[in-house]
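Below is one structure, written out as structure tokens, with a few remarks after it.
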Amino acid sequence: MSDPKFRQRAVIGFGLLILCLLPPLAHLFGQEYFISLSSRILIYALAAVSLDLLIGYGGLISLGHAAFFGVGAYVVGVMYYHGYEGELLFHLIPGSENGLVVLPLAVMISALFALVIGAISLRTSGMHFIMITLAFAQMLYYFFIGLEKYGGDDGLTMYARNSLPFADLSNDSHFYYVCLGLLLLFVFLMHRLINSRFGLVLRGASKNSKRAQATGINVFYYQLVGFTIAGAGAGLAGALLANQTEYVSPGLLHWPLSGELMVMVLLGGLGTLVGPILGAAVFLLLEEFLGMYTEHWMIYLGPFLIIVVIFAKKGLYGLLIGIGGEHDT
């Protein structure tokens with residue numbers, strides 16, 4: 001039981017079992033609301049895992065990750081709006097409610113935004129990088145506030161979720177399993193990426209970029225690709241959230257959401273793939289249940305986060321499986 005690898009497999013296996021059985025268990029005990037709450041956790045977990053690729057493995061502290069989350073959500077909202085109104089986007093592109101069209105489009109456009117923002121931001125480092133990512137996110141936030149056609153500051157309401165041929169997304173259980181499947185797929189892809197040569201270079205550059213450059217490695221290229229992939233993952237999460245809430249607003253691009261995602265990563269375990277999922281679950285469950293008693297629930301989260309950061313270097317996940325320093329999954 002003291003073997004970290006055994007404990008890691010046990011924790012992951014138990015977690016997967018709970019995730020797979022949650023909808024039928026919620027129906028059995030008459031707590032269907034937990035299905036919707038759990039879907040929200042899975043969506044934010046996906047965004048947190050994508051941010052962990054930057055912070056935990058790339059050493060790139062971004063305060064603008066919410067920008068890609070919001071862009072992905074707005075792609076879904078705007079495409080739905082034009083499909084519902086029967087109006088062409090840019091007088092060329094028809095709207096759509098088809099998830100097989102809209103979800104990949106949200107991923108691609110978020111990745112494109114990440115590519116452009118990353119190409120500029122990665123020419124800086126340290127505090128300058130943090131501030132320029134924040135600046136880009138805020139520019140996009142105010143840009144969407146100014147889009148009166150799509151609700152401006154009030155946001156844009158959808159009247160239905162996207163359609164998929166193999167699942168009824170209006171059914172909360174079906175939607176939950178779609179979110180779970182996409183999260184597991186993204187984590188699997190990140191696991192393969194991180195343990196590939198690309199991941200080794202990205203992690204090595206995060207520790208000493210000058211040494212990596214001295215060996216002839218184009219660090220900028222690797223970081224830009226990592227930044228783009230992370231943006232794509234956040235865009236997918238935003239697209240799923242737009243479907244769950246059937247509503248998008250500029251608040252999804254605001255900097256506090258980037259801070260919340262960062263807290264989820266730190267809470268669950270920086271530099272792990274499972275940790276951000278656990279961090280998202282703990283964060284949102286605390287928000288949900290403490291919020292019933294006080295609107296100032298973060299007063300309790302603050303000391304808890306401080307204790308975790310000080311005494312558990314790999315967050316709650318590291319505490320569970322008994323790892324300390326190096327990256328693990």
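As shown in the structure tokens, the chain order sets the letters A, B, ...; within each chain, residues go from 1, and ligands are also counted from 1 in the order they appear.
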
> Residues at most 8 Å from region 136-151 of chain A, counting only C-alpha atoms, excluding those fewer than 5 positions away in the same chain, as a PyMOL selection string?
Replying inline: chain A and resi 63-67+78+117+156+250-251+253-255

>> Taking only region 65-168 of chain A into account, list the residues labelled helix (DSSP H, G or I) by DSSP (computed from the backbone), as a PyMOL selection string.
In response: chain A and resi 66-85+99-121+126-145+148-150+152-154

> Near Leu301 (chain A), within 9 Å and counting only C-alpha atoms, which residues show up once chain neighbours fewer than 3 positions away are dropped, as a list of chain:residue names?
Replying inline: A:Phe283, A:Leu286, A:Glu287, A:Trp297, A:Met298, A:Phe304, A:Leu305, A:Ile306

>> Excluding Ile120 (chain A) and its own-chain neighbours fewer than 3 positions away, which residues fall within 12 Å of it when counting only C-alpha atoms? Please give them as a VMD selection string.
In response: chain A and resid 113 to 117 123 to 125 128 to 129 132 to 133 135 to 136 220 223 to 224 227

> Mind checking DSSP for region 143-307 of chain A and telling me the strand (DSSP E or B) residues as a ChimeraX atom specification?
Replying inline: /A:156-157,163-164,167,247-248

>> From the options A:Val274, A:Leu16, A:Ile299, A:Ala26, which residue's atoms come nearest to Gly318 (chain A), counting only C-alpha atoms?
In response: A:Val274

> Which of these residues is nearest to Gly279 (chain A), using only C-alpha atoms: A:Met292, A:Met262, A:Val178, A:Ile217?
Replying inline: A:Met262

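Closest approach to Leu103 (chain A) among A:Ser170, A:Asn162, A:Thr215, A:Ser36 is made by A:Asn162 (distances from only C-alpha atoms).
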
>> as a PyMOL selection string, please: the residues near region 37-49 of chain A (cut-off 7 Å, only C-alpha atoms, same-chain neighbours under 3 positions excluded).
In response: chain A and resi 33-34+52-53+176+179-180+183+233-234+237+240-241+261+264-265+273+276-277+280-281+284
